Amino acid sequence: MNRNFQKELEQKIHAQERQGWVPKLLLHSCCAPCSSYVLEYLSQYYEITVLYYNPNIYPEEEYYKRVEEQKAFIQRFTKQQKGRQAVRSDTEPMEGRKNFYPIGFVEGEYDKGRFYEMAKGLEDIPEGGERCFRCYELRLREAAEYACRLKMDSFTTTLSISPLKNACKLNEIGERLAGEYGVEYLSSDFKKKNGYKRSVELSEEYGMYRQDYCGCVFSMRERERQKKEKGQK
């Protein structure tokens with residue numbers, strides 16, 4: 001049976017609102033652009049801690065460029081939302097106001113050796129295949145461990161916002177890990193309801209660095225090959 005992950009998420013959020021509960025969410029982020037819409041959406045309903053754990057990123061300078069962009073976006077977004085919320089509190093009726101809850105940040109270890117060990121024997125698998133699925137699990141497992149360590153109510157990832165990522169597989173892995181670690185996984189498909197489109201708009205609004213490959217050396221090589229075939233530089 002095909003599941004509507006977006007509908008499930010909305011139902012969960014509505015139930016939490018009826019209870020007056022604001023859960024703590026550990027959000028694994030693959031990059032600032034992908035996190036933009038997810039944070040805009042979920043920070044209305046969750047206290048979020050963003051985990052930047054991406055040992056797959058290549059080369060090293062690309063990793064540091066992306067992590068700094070993530071931190072800068074959170075700071076700017078938080079400041080902007082506080083300003084907007086202050087304006088709304090003076091101009092909107094109580095029932096029309098939206099809250100935006102705190103967003104924290106934690107950087108995981110850049111243990112790239114762990115990624116290459118995981119990818120051993122899968123180097124030539126095309127993007128979107130088994131190597132990517134194992135990379136999903138590598139990062140989601142770390143997110144589950146952080147969620148337990150930080151005593152969060154649930155965890156999830158921004159990865160499903162990408163049209164190139166398999167949301168069903170991500171949720172399958174996340175839900176399995178939730179059973180292992182005893183912490184809820186927030187199943188999602190953030191590309192739905194124009195989520196991906198909104199992330200592009202926010203990237204432009206905030207002037208964010210937006211990379212043109214997923215992040216690992218294998219995706220970079222595939223992207224370079226595609227550009228050569230199209231005659232691009």
# chains A, B, ... in the order shown; residues from 1 in each chain; ligands from 1
>>> residues_around(residues="region 69-79 of chain A", least_positions_apart="2", cutoff="9 Å", atoms="only C-alpha atoms", output="ChimeraX atom specification")
/A:29,31-33,35-36,39-40,50,52,64-67,81-84,100,102-105,206,208-209
>>> write_last_selection(atoms="C-alpha atoms", output="CSV table (one decimal), in the first residue's frame")
chain,number,residue,atom,x,y,z
A,29,SER,CA,20.4,18.1,7.7
A,31,CYS,CA,22.8,21.0,3.7
A,32,ALA,CA,21.5,24.5,4.3
A,33,PRO,CA,19.3,24.8,1.1
A,35,SER,CA,17.0,22.5,5.5
A,36,SER,CA,15.5,25.9,4.6
A,39,LEU,CA,12.9,24.5,9.2
A,40,GLU,CA,10.4,27.1,8.0
A,50,VAL,CA,19.7,20.5,13.7
A,52,TYR,CA,24.9,18.3,10.6
A,64,TYR,CA,33.5,23.0,5.7
A,65,LYS,CA,31.8,25.3,3.2
A,66,ARG,CA,28.5,23.5,3.6
A,67,VAL,CA,28.6,23.3,7.4
A,81,GLN,CA,11.6,34.9,12.3
A,82,LYS,CA,11.9,36.7,15.7
A,83,GLY,CA,11.5,40.0,13.9
A,84,ARG,CA,8.5,38.8,12.0
A,100,PHE,CA,8.4,29.8,15.8
A,102,PRO,CA,14.0,27.6,19.1
A,103,ILE,CA,16.4,26.0,16.7
A,104,GLY,CA,19.7,24.6,18.0
A,105,PHE,CA,22.7,23.2,16.2
A,206,TYR,CA,19.0,34.1,1.6
A,208,MET,CA,22.7,30.6,-0.1
A,209,TYR,CA,25.5,28.6,-1.7
>>> closest_atom_pairs(of="region 33-118 of chain A", to="region 134-138 of chain A", cutoff="12 Å", atoms="only C-alpha atoms", output="CSV")
residue,atom,partner,partner_atom,distance
A:Tyr53,CA,A:Leu138,CA,9.5
A:Asn54,CA,A:Leu138,CA,9.1
A:Pro55,CA,A:Leu138,CA,9.1
A:Asn56,CA,A:Cys135,CA,7.7
A:Ile57,CA,A:Cys135,CA,11.1
A:Asp111,CA,A:Leu138,CA,11.1
A:Lys112,CA,A:Leu138,CA,11.3
A:Arg114,CA,A:Leu138,CA,8.7
A:Phe115,CA,A:Cys135,CA,7.4
A:Tyr116,CA,A:Cys135,CA,9.9
A:Glu117,CA,A:Cys135,CA,10.8
A:Met118,CA,A:Arg134,CA,7.2
>>> write_last_selection(atoms="N, CA, C and O atoms", output="short mmCIF file (atom, residue, chain, number, x, y, z; two decimals), in the first residue's frame")
data_model
loop_
_atom_site.label_atom_id
_atom_site.label_comp_id
_atom_site.auth_asym_id
_atom_site.auth_seq_id
_atom_site.Cartn_x
_atom_site.Cartn_y
_atom_site.Cartn_z
N TYR A 53 25.47 16.01 10.13
CA TYR A 53 26.34 14.84 10.11
C TYR A 53 26.36 14.28 8.68
O TYR A 53 25.39 13.66 8.23
N ASN A 54 27.44 14.55 7.98
CA ASN A 54 27.55 14.17 6.57
C ASN A 54 28.98 13.79 6.22
O ASN A 54 29.69 14.55 5.54
N PRO A 55 29.43 12.61 6.66
CA PRO A 55 30.81 12.20 6.39
C PRO A 55 31.05 11.84 4.93
O PRO A 55 32.19 11.58 4.54
N ASN A 56 29.99 11.84 4.14
CA ASN A 56 30.09 11.54 2.72
C ASN A 56 30.61 12.71 1.89
O ASN A 56 31.03 12.52 0.75
N ILE A 57 30.60 13.91 2.44
CA ILE A 57 30.91 15.10 1.63
C ILE A 57 32.37 15.10 1.16
O ILE A 57 33.30 14.85 1.93
N ASP A 111 33.73 12.01 10.01
CA ASP A 111 34.49 10.76 9.95
C ASP A 111 34.35 10.12 8.57
O ASP A 111 33.66 9.12 8.38
N LYS A 112 35.03 10.74 7.60
CA LYS A 112 34.89 10.31 6.21
C LYS A 112 35.35 8.88 5.98
O LYS A 112 34.87 8.20 5.06
N ARG A 114 34.64 6.41 7.74
CA ARG A 114 33.47 5.58 7.99
C ARG A 114 32.61 5.47 6.73
O ARG A 114 32.05 4.42 6.42
N PHE A 115 32.50 6.58 6.01
CA PHE A 115 31.73 6.56 4.76
C PHE A 115 32.38 5.66 3.72
O PHE A 115 31.72 4.85 3.08
N TYR A 116 33.70 5.80 3.55
CA TYR A 116 34.38 5.00 2.52
C TYR A 116 34.37 3.51 2.86
O TYR A 116 34.32 2.66 1.97
N GLU A 117 34.42 3.19 4.14
CA GLU A 117 34.32 1.80 4.55
C GLU A 117 32.94 1.25 4.19
O GLU A 117 32.81 0.14 3.70
N MET A 118 31.93 2.05 4.41
CA MET A 118 30.56 1.65 4.07
C MET A 118 30.38 1.45 2.56
O MET A 118 29.67 0.56 2.10
#
>>> select_by_dssp(residues="region 5-192 of chain A", states="alpha helix (DSSP H)", output="ChimeraX atom specification")
/A:5-19,32-42,60-91,112-119,130-149,167-181
>>> residues_around(residues="region 145-154 of chain A", least_positions_apart="2", cutoff="6 Å", atoms="only C-alpha atoms", output="count of residues only")
9
>>> atom_distance(atom1="CA of Cys216 (chain A)", atom2="CA of Glu62 (chain A)")
9.9 Å
>>> residues_around(residues="Glu10 (chain A)", least_positions_apart="4", cutoff="12 Å", atoms="only C-alpha atoms", output="PDB file with N, CA and C atoms, in the first residue's frame")
ATOM      1  N   ASN A   4       0.828   7.987   2.204  1.00  0.00           N
ATOM      2  CA  ASN A   4       0.932   9.429   1.995  1.00  0.00           C
ATOM      3  C   ASN A   4       1.640   9.996   3.219  1.00  0.00           C
ATOM      4  N   PHE A   5       2.957  10.113   3.130  1.00  0.00           N
ATOM      5  CA  PHE A   5       3.754  10.530   4.281  1.00  0.00           C
ATOM      6  C   PHE A   5       3.428  11.961   4.717  1.00  0.00           C
ATOM      7  N   GLN A   6       3.136  12.824   3.755  1.00  0.00           N
ATOM      8  CA  GLN A   6       2.800  14.206   4.096  1.00  0.00           C
ATOM      9  C   GLN A   6       1.505  14.261   4.902  1.00  0.00           C
ATOM     10  N   HIS A  14      -1.327  17.988  13.846  1.00  0.00           N
ATOM     11  CA  HIS A  14      -2.632  18.440  14.337  1.00  0.00           C
ATOM     12  C   HIS A  14      -2.945  17.822  15.698  1.00  0.00           C
ATOM     13  N   ALA A  15      -2.610  16.560  15.882  1.00  0.00           N
ATOM     14  CA  ALA A  15      -2.847  15.894  17.170  1.00  0.00           C
ATOM     15  C   ALA A  15      -2.012  16.551  18.267  1.00  0.00           C
ATOM     16  N   GLN A  16      -0.762  16.887  17.950  1.00  0.00           N
ATOM     17  CA  GLN A  16       0.111  17.553  18.924  1.00  0.00           C
ATOM     18  C   GLN A  16      -0.426  18.928  19.300  1.00  0.00           C
ATOM     19  N   GLU A  17      -0.938  19.648  18.312  1.00  0.00           N
ATOM     20  CA  GLU A  17      -1.480  20.976  18.578  1.00  0.00           C
ATOM     21  C   GLU A  17      -2.709  20.900  19.484  1.00  0.00           C
ATOM     22  N   TYR A  41       8.927  25.200   7.951  1.00  0.00           N
ATOM     23  CA  TYR A  41       7.700  24.437   8.192  1.00  0.00           C
ATOM     24  C   TYR A  41       7.638  23.882   9.619  1.00  0.00           C
ATOM     25  N   LEU A  42       8.651  23.128  10.017  1.00  0.00           N
ATOM     26  CA  LEU A  42       8.577  22.401  11.276  1.00  0.00           C
ATOM     27  C   LEU A  42       8.836  23.243  12.514  1.00  0.00           C
ATOM     28  N   TYR A  45       6.091  24.011  14.915  1.00  0.00           N
ATOM     29  CA  TYR A  45       5.452  22.953  15.710  1.00  0.00           C
ATOM     30  C   TYR A  45       6.415  22.176  16.607  1.00  0.00           C
ATOM     31  N   LEU A 186      10.090  10.559  12.601  1.00  0.00           N
ATOM     32  CA  LEU A 186       9.066  11.374  11.967  1.00  0.00           C
ATOM     33  C   LEU A 186       9.107  11.123  10.461  1.00  0.00           C
ATOM     34  N   SER A 187       8.241  10.241   9.993  1.00  0.00           N
ATOM     35  CA  SER A 187       8.200   9.919   8.567  1.00  0.00           C
ATOM     36  C   SER A 187       7.738  11.143   7.786  1.00  0.00           C
ATOM     37  N   SER A 188       8.317  11.333   6.620  1.00  0.00           N
ATOM     38  CA  SER A 188       8.049  12.571   5.886  1.00  0.00           C
ATOM     39  C   SER A 188       8.349  12.403   4.410  1.00  0.00           C
ATOM     40  N   ASP A 189       7.869  13.347   3.640  1.00  0.00           N
ATOM     41  CA  ASP A 189       8.265  13.506   2.242  1.00  0.00           C
ATOM     42  C   ASP A 189       8.185  15.002   1.972  1.00  0.00           C
ATOM     43  N   PHE A 190       9.230  15.704   2.377  1.00  0.00           N
ATOM     44  CA  PHE A 190       9.192  17.165   2.408  1.00  0.00           C
ATOM     45  C   PHE A 190       9.112  17.817   1.037  1.00  0.00           C
ATOM     46  N   LYS A 192       6.822  17.253  -1.018  1.00  0.00           N
ATOM     47  CA  LYS A 192       5.404  17.410  -1.298  1.00  0.00           C
ATOM     48  C   LYS A 192       4.940  18.825  -0.960  1.00  0.00           C
ATOM     49  N   LYS A 193       3.788  19.192  -1.521  1.00  0.00           N
ATOM     50  CA  LYS A 193       3.211  20.526  -1.313  1.00  0.00           C
ATOM     51  C   LYS A 193       4.212  21.628  -1.651  1.00  0.00           C
TER      52      LYS A 193
END
>>> select_by_dssp(residues="chain A", states="strand (DSSP E or B)", output="list of chain:residue names")
A:Lys24, A:Leu25, A:Leu26, A:Leu27, A:His28, A:Glu47, A:Ile48, A:Thr49, A:Val50, A:Leu51, A:Tyr52, A:Ile103, A:Gly104, A:Phe105, A:Val106, A:Glu107, A:Ser154, A:Phe155, A:Thr156, A:Thr157, A:Glu184, A:Tyr185
>>> write_last_selection(atoms="N, CA and C atoms", output="mmCIF file, in the first residue's frame")
data_model
loop_
_atom_site.group_PDB
_atom_site.id
_atom_site.type_symbol
_atom_site.label_atom_id
_atom_site.label_comp_id
_atom_site.auth_asym_id
_atom_site.auth_seq_id
_atom_site.Cartn_x
_atom_site.Cartn_y
_atom_site.Cartn_z
ATOM 1 N N LYS A 24 10.329 17.864 21.049
ATOM 2 C CA LYS A 24 11.711 18.176 20.688
ATOM 3 C C LYS A 24 12.132 17.240 19.555
ATOM 4 N N LEU A 25 12.600 17.845 18.477
ATOM 5 C CA LEU A 25 12.935 17.096 17.261
ATOM 6 C C LEU A 25 14.403 17.234 16.916
ATOM 7 N N LEU A 26 15.056 16.091 16.669
ATOM 8 C CA LEU A 26 16.424 16.081 16.141
ATOM 9 C C LEU A 26 16.299 15.978 14.624
ATOM 10 N N LEU A 27 16.723 17.023 13.928
ATOM 11 C CA LEU A 27 16.614 17.072 12.473
ATOM 12 C C LEU A 27 17.984 16.911 11.836
ATOM 13 N N HIS A 28 18.203 15.763 11.198
ATOM 14 C CA HIS A 28 19.436 15.597 10.429
ATOM 15 C C HIS A 28 19.329 16.452 9.178
ATOM 16 N N GLU A 47 10.428 22.107 18.750
ATOM 17 C CA GLU A 47 11.717 22.667 19.162
ATOM 18 C C GLU A 47 12.786 21.804 18.489
ATOM 19 N N ILE A 48 13.535 22.400 17.586
ATOM 20 C CA ILE A 48 14.423 21.623 16.709
ATOM 21 C C ILE A 48 15.885 21.799 17.079
ATOM 22 N N THR A 49 16.589 20.685 17.056
ATOM 23 C CA THR A 49 18.047 20.712 17.067
ATOM 24 C C THR A 49 18.507 20.132 15.740
ATOM 25 N N VAL A 50 19.224 20.932 14.974
ATOM 26 C CA VAL A 50 19.740 20.488 13.678
ATOM 27 C C VAL A 50 21.044 19.735 13.897
ATOM 28 N N LEU A 51 21.117 18.534 13.365
ATOM 29 C CA LEU A 51 22.362 17.757 13.378
ATOM 30 C C LEU A 51 22.962 17.787 11.984
ATOM 31 N N TYR A 52 24.172 18.339 11.875
ATOM 32 C CA TYR A 52 24.880 18.298 10.604
ATOM 33 C C TYR A 52 25.882 17.150 10.677
ATOM 34 N N ILE A 103 15.670 26.947 17.523
ATOM 35 C CA ILE A 103 16.429 26.017 16.673
ATOM 36 C C ILE A 103 17.857 25.969 17.187
ATOM 37 N N GLY A 104 18.294 24.792 17.605
ATOM 38 C CA GLY A 104 19.673 24.591 18.036
ATOM 39 C C GLY A 104 20.489 23.940 16.932
ATOM 40 N N PHE A 105 21.766 23.804 17.163
ATOM 41 C CA PHE A 105 22.650 23.216 16.152
ATOM 42 C C PHE A 105 23.735 22.382 16.815
ATOM 43 N N VAL A 106 24.011 21.231 16.223
ATOM 44 C CA VAL A 106 25.131 20.409 16.667
ATOM 45 C C VAL A 106 25.798 19.811 15.429
ATOM 46 N N GLU A 107 27.110 19.840 15.415
ATOM 47 C CA GLU A 107 27.864 19.272 14.290
ATOM 48 C C GLU A 107 28.399 17.909 14.678
ATOM 49 N N SER A 154 11.735 12.824 18.982
ATOM 50 C CA SER A 154 11.732 12.163 17.681
ATOM 51 C C SER A 154 12.905 12.661 16.846
ATOM 52 N N PHE A 155 13.127 11.998 15.722
ATOM 53 C CA PHE A 155 14.180 12.420 14.793
ATOM 54 C C PHE A 155 13.690 12.231 13.369
ATOM 55 N N THR A 156 14.298 12.978 12.457
ATOM 56 C CA THR A 156 13.996 12.839 11.035
ATOM 57 C C THR A 156 15.141 13.460 10.244
ATOM 58 N N THR A 157 14.970 13.546 8.921
ATOM 59 C CA THR A 157 16.022 14.078 8.052
ATOM 60 C C THR A 157 15.438 14.966 6.974
ATOM 61 N N GLU A 184 11.045 7.863 18.415
ATOM 62 C CA GLU A 184 10.153 7.958 17.262
ATOM 63 C C GLU A 184 10.859 8.552 16.048
ATOM 64 N N TYR A 185 10.562 8.001 14.878
ATOM 65 C CA TYR A 185 11.030 8.589 13.624
ATOM 66 C C TYR A 185 9.868 9.320 12.984
#
>>> closest_residue(among="A:Lys227, A:Lys98, A:Ser43, A:Ile13", to="Ala86 (chain A)", atoms="only C-alpha atoms")
A:Lys98
>>> decode(residues="region 51-96 of chain A", atoms="N, CA and C atoms", output="PDB file, in the first residue's frame")
ATOM      1  N   LEU A  51      21.117  18.534  13.365  1.00  0.00           N
ATOM      2  CA  LEU A  51      22.362  17.757  13.378  1.00  0.00           C
ATOM      3  C   LEU A  51      22.962  17.787  11.984  1.00  0.00           C
ATOM      4  N   TYR A  52      24.172  18.339  11.875  1.00  0.00           N
ATOM      5  CA  TYR A  52      24.880  18.298  10.604  1.00  0.00           C
ATOM      6  C   TYR A  52      25.882  17.150  10.677  1.00  0.00           C
ATOM      7  N   TYR A  53      25.471  16.013  10.126  1.00  0.00           N
ATOM      8  CA  TYR A  53      26.344  14.839  10.106  1.00  0.00           C
ATOM      9  C   TYR A  53      26.358  14.284   8.685  1.00  0.00           C
ATOM     10  N   ASN A  54      27.444  14.551   7.977  1.00  0.00           N
ATOM     11  CA  ASN A  54      27.546  14.169   6.569  1.00  0.00           C
ATOM     12  C   ASN A  54      28.982  13.788   6.218  1.00  0.00           C
ATOM     13  N   PRO A  55      29.432  12.612   6.661  1.00  0.00           N
ATOM     14  CA  PRO A  55      30.813  12.197   6.391  1.00  0.00           C
ATOM     15  C   PRO A  55      31.054  11.835   4.933  1.00  0.00           C
ATOM     16  N   ASN A  56      29.993  11.845   4.141  1.00  0.00           N
ATOM     17  CA  ASN A  56      30.093  11.536   2.718  1.00  0.00           C
ATOM     18  C   ASN A  56      30.610  12.706   1.895  1.00  0.00           C
ATOM     19  N   ILE A  57      30.605  13.912   2.436  1.00  0.00           N
ATOM     20  CA  ILE A  57      30.910  15.100   1.634  1.00  0.00           C
ATOM     21  C   ILE A  57      32.370  15.100   1.159  1.00  0.00           C
ATOM     22  N   TYR A  58      32.545  15.408  -0.117  1.00  0.00           N
ATOM     23  CA  TYR A  58      33.879  15.456  -0.750  1.00  0.00           C
ATOM     24  C   TYR A  58      33.914  16.682  -1.663  1.00  0.00           C
ATOM     25  N   PRO A  59      35.073  17.369  -1.720  1.00  0.00           N
ATOM     26  CA  PRO A  59      36.277  17.203  -0.903  1.00  0.00           C
ATOM     27  C   PRO A  59      36.102  17.873   0.461  1.00  0.00           C
ATOM     28  N   GLU A  60      37.179  17.881   1.239  1.00  0.00           N
ATOM     29  CA  GLU A  60      37.099  18.391   2.606  1.00  0.00           C
ATOM     30  C   GLU A  60      36.666  19.855   2.646  1.00  0.00           C
ATOM     31  N   GLU A  61      37.199  20.664   1.737  1.00  0.00           N
ATOM     32  CA  GLU A  61      36.827  22.081   1.750  1.00  0.00           C
ATOM     33  C   GLU A  61      35.344  22.276   1.441  1.00  0.00           C
ATOM     34  N   GLU A  62      34.772  21.357   0.669  1.00  0.00           N
ATOM     35  CA  GLU A  62      33.337  21.401   0.393  1.00  0.00           C
ATOM     36  C   GLU A  62      32.537  21.133   1.666  1.00  0.00           C
ATOM     37  N   TYR A  63      33.023  20.197   2.460  1.00  0.00           N
ATOM     38  CA  TYR A  63      32.359  19.884   3.732  1.00  0.00           C
ATOM     39  C   TYR A  63      32.290  21.140   4.603  1.00  0.00           C
ATOM     40  N   TYR A  64      33.418  21.798   4.786  1.00  0.00           N
ATOM     41  CA  TYR A  64      33.455  22.962   5.675  1.00  0.00           C
ATOM     42  C   TYR A  64      32.655  24.129   5.107  1.00  0.00           C
ATOM     43  N   LYS A  65      32.621  24.244   3.795  1.00  0.00           N
ATOM     44  CA  LYS A  65      31.817  25.289   3.168  1.00  0.00           C
ATOM     45  C   LYS A  65      30.334  25.055   3.466  1.00  0.00           C
ATOM     46  N   ARG A  66      29.922  23.806   3.373  1.00  0.00           N
ATOM     47  CA  ARG A  66      28.504  23.488   3.598  1.00  0.00           C
ATOM     48  C   ARG A  66      28.116  23.628   5.069  1.00  0.00           C
ATOM     49  N   VAL A  67      28.983  23.216   5.964  1.00  0.00           N
ATOM     50  CA  VAL A  67      28.619  23.301   7.385  1.00  0.00           C
ATOM     51  C   VAL A  67      28.539  24.761   7.825  1.00  0.00           C
ATOM     52  N   GLU A  68      29.416  25.609   7.323  1.00  0.00           N
ATOM     53  CA  GLU A  68      29.350  27.028   7.664  1.00  0.00           C
ATOM     54  C   GLU A  68      28.089  27.667   7.088  1.00  0.00           C
ATOM     55  N   GLU A  69      27.707  27.242   5.897  1.00  0.00           N
ATOM     56  CA  GLU A  69      26.467  27.757   5.295  1.00  0.00           C
ATOM     57  C   GLU A  69      25.260  27.349   6.132  1.00  0.00           C
ATOM     58  N   GLN A  70      25.304  26.137   6.668  1.00  0.00           N
ATOM     59  CA  GLN A  70      24.207  25.673   7.524  1.00  0.00           C
ATOM     60  C   GLN A  70      24.085  26.526   8.786  1.00  0.00           C
ATOM     61  N   LYS A  71      25.198  26.750   9.448  1.00  0.00           N
ATOM     62  CA  LYS A  71      25.172  27.556  10.676  1.00  0.00           C
ATOM     63  C   LYS A  71      24.715  28.982  10.388  1.00  0.00           C
ATOM     64  N   ALA A  72      25.205  29.558   9.291  1.00  0.00           N
ATOM     65  CA  ALA A  72      24.841  30.934   8.943  1.00  0.00           C
ATOM     66  C   ALA A  72      23.349  31.038   8.649  1.00  0.00           C
ATOM     67  N   PHE A  73      22.811  30.034   7.950  1.00  0.00           N
ATOM     68  CA  PHE A  73      21.384  30.083   7.635  1.00  0.00           C
ATOM     69  C   PHE A  73      20.534  30.023   8.900  1.00  0.00           C
ATOM     70  N   ILE A  74      20.867  29.132   9.817  1.00  0.00           N
ATOM     71  CA  ILE A  74      20.094  29.020  11.066  1.00  0.00           C
ATOM     72  C   ILE A  74      20.096  30.346  11.810  1.00  0.00           C
ATOM     73  N   GLN A  75      21.249  30.983  11.886  1.00  0.00           N
ATOM     74  CA  GLN A  75      21.343  32.272  12.594  1.00  0.00           C
ATOM     75  C   GLN A  75      20.474  33.335  11.924  1.00  0.00           C
ATOM     76  N   ARG A  76      20.570  33.435  10.610  1.00  0.00           N
ATOM     77  CA  ARG A  76      19.810  34.453   9.885  1.00  0.00           C
ATOM     78  C   ARG A  76      18.315  34.163   9.910  1.00  0.00           C
ATOM     79  N   PHE A  77      17.961  32.908   9.739  1.00  0.00           N
ATOM     80  CA  PHE A  77      16.551  32.523   9.744  1.00  0.00           C
ATOM     81  C   PHE A  77      15.924  32.798  11.108  1.00  0.00           C
ATOM     82  N   THR A  78      16.624  32.417  12.176  1.00  0.00           N
ATOM     83  CA  THR A  78      16.112  32.626  13.531  1.00  0.00           C
ATOM     84  C   THR A  78      15.906  34.110  13.812  1.00  0.00           C
ATOM     85  N   LYS A  79      16.883  34.911  13.431  1.00  0.00           N
ATOM     86  CA  LYS A  79      16.776  36.355  13.649  1.00  0.00           C
ATOM     87  C   LYS A  79      15.596  36.936  12.882  1.00  0.00           C
ATOM     88  N   GLN A  80      15.434  36.493  11.639  1.00  0.00           N
ATOM     89  CA  GLN A  80      14.345  37.007  10.811  1.00  0.00           C
ATOM     90  C   GLN A  80      12.987  36.596  11.361  1.00  0.00           C
ATOM     91  N   GLN A  81      12.863  35.352  11.816  1.00  0.00           N
ATOM     92  CA  GLN A  81      11.581  34.887  12.349  1.00  0.00           C
ATOM     93  C   GLN A  81      11.216  35.617  13.641  1.00  0.00           C
ATOM     94  N   LYS A  82      12.205  35.901  14.467  1.00  0.00           N
ATOM     95  CA  LYS A  82      11.940  36.659  15.701  1.00  0.00           C
ATOM     96  C   LYS A  82      11.413  38.050  15.359  1.00  0.00           C
ATOM     97  N   GLY A  83      11.999  38.656  14.328  1.00  0.00           N
ATOM     98  CA  GLY A  83      11.539  39.977  13.906  1.00  0.00           C
ATOM     99  C   GLY A  83      10.121  39.928  13.370  1.00  0.00           C
ATOM    100  N   ARG A  84       9.839  38.939  12.537  1.00  0.00           N
ATOM    101  CA  ARG A  84       8.501  38.812  11.965  1.00  0.00           C
ATOM    102  C   ARG A  84       7.464  38.502  13.038  1.00  0.00           C
ATOM    103  N   GLN A  85       7.868  37.668  14.000  1.00  0.00           N
ATOM    104  CA  GLN A  85       6.947  37.296  15.068  1.00  0.00           C
ATOM    105  C   GLN A  85       6.602  38.510  15.926  1.00  0.00           C
ATOM    106  N   ALA A  86       7.578  39.373  16.154  1.00  0.00           N
ATOM    107  CA  ALA A  86       7.334  40.587  16.932  1.00  0.00           C
ATOM    108  C   ALA A  86       6.338  41.491  16.208  1.00  0.00           C
ATOM    109  N   VAL A  87       6.478  41.595  14.888  1.00  0.00           N
ATOM    110  CA  VAL A  87       5.557  42.418  14.100  1.00  0.00           C
ATOM    111  C   VAL A  87       4.165  41.815  14.117  1.00  0.00           C
ATOM    112  N   ARG A  88       4.082  40.483  13.922  1.00  0.00           N
ATOM    113  CA  ARG A  88       2.784  39.815  13.908  1.00  0.00           C
ATOM    114  C   ARG A  88       2.058  39.962  15.237  1.00  0.00           C
ATOM    115  N   SER A  89       2.805  39.921  16.335  1.00  0.00           N
ATOM    116  CA  SER A  89       2.173  39.986  17.657  1.00  0.00           C
ATOM    117  C   SER A  89       1.455  41.317  17.868  1.00  0.00           C
ATOM    118  N   ASP A  90       1.868  42.353  17.121  1.00  0.00           N
ATOM    119  CA  ASP A  90       1.234  43.665  17.240  1.00  0.00           C
ATOM    120  C   ASP A  90       0.106  43.867  16.234  1.00  0.00           C
ATOM    121  N   THR A  91       0.118  43.094  15.151  1.00  0.00           N
ATOM    122  CA  THR A  91      -0.819  43.362  14.062  1.00  0.00           C
ATOM    123  C   THR A  91      -1.849  42.265  13.829  1.00  0.00           C
ATOM    124  N   GLU A  92      -1.588  41.038  14.282  1.00  0.00           N
ATOM    125  CA  GLU A  92      -2.503  39.929  14.028  1.00  0.00           C
ATOM    126  C   GLU A  92      -3.309  39.597  15.266  1.00  0.00           C
ATOM    127  N   PRO A  93      -4.565  39.136  15.076  1.00  0.00           N
ATOM    128  CA  PRO A  93      -5.335  38.651  16.223  1.00  0.00           C
ATOM    129  C   PRO A  93      -4.686  37.407  16.795  1.00  0.00           C
ATOM    130  N   MET A  94      -4.942  37.128  18.065  1.00  0.00           N
ATOM    131  CA  MET A  94      -4.292  36.007  18.753  1.00  0.00           C
ATOM    132  C   MET A  94      -4.431  34.700  17.993  1.00  0.00           C
ATOM    133  N   GLU A  95      -5.640  34.417  17.458  1.00  0.00           N
ATOM    134  CA  GLU A  95      -5.861  33.131  16.795  1.00  0.00           C
ATOM    135  C   GLU A  95      -5.127  33.019  15.460  1.00  0.00           C
ATOM    136  N   GLY A  96      -4.653  34.148  14.909  1.00  0.00           N
ATOM    137  CA  GLY A  96      -3.966  34.105  13.629  1.00  0.00           C
ATOM    138  C   GLY A  96      -2.458  34.035  13.745  1.00  0.00           C
TER     139      GLY A  96
END
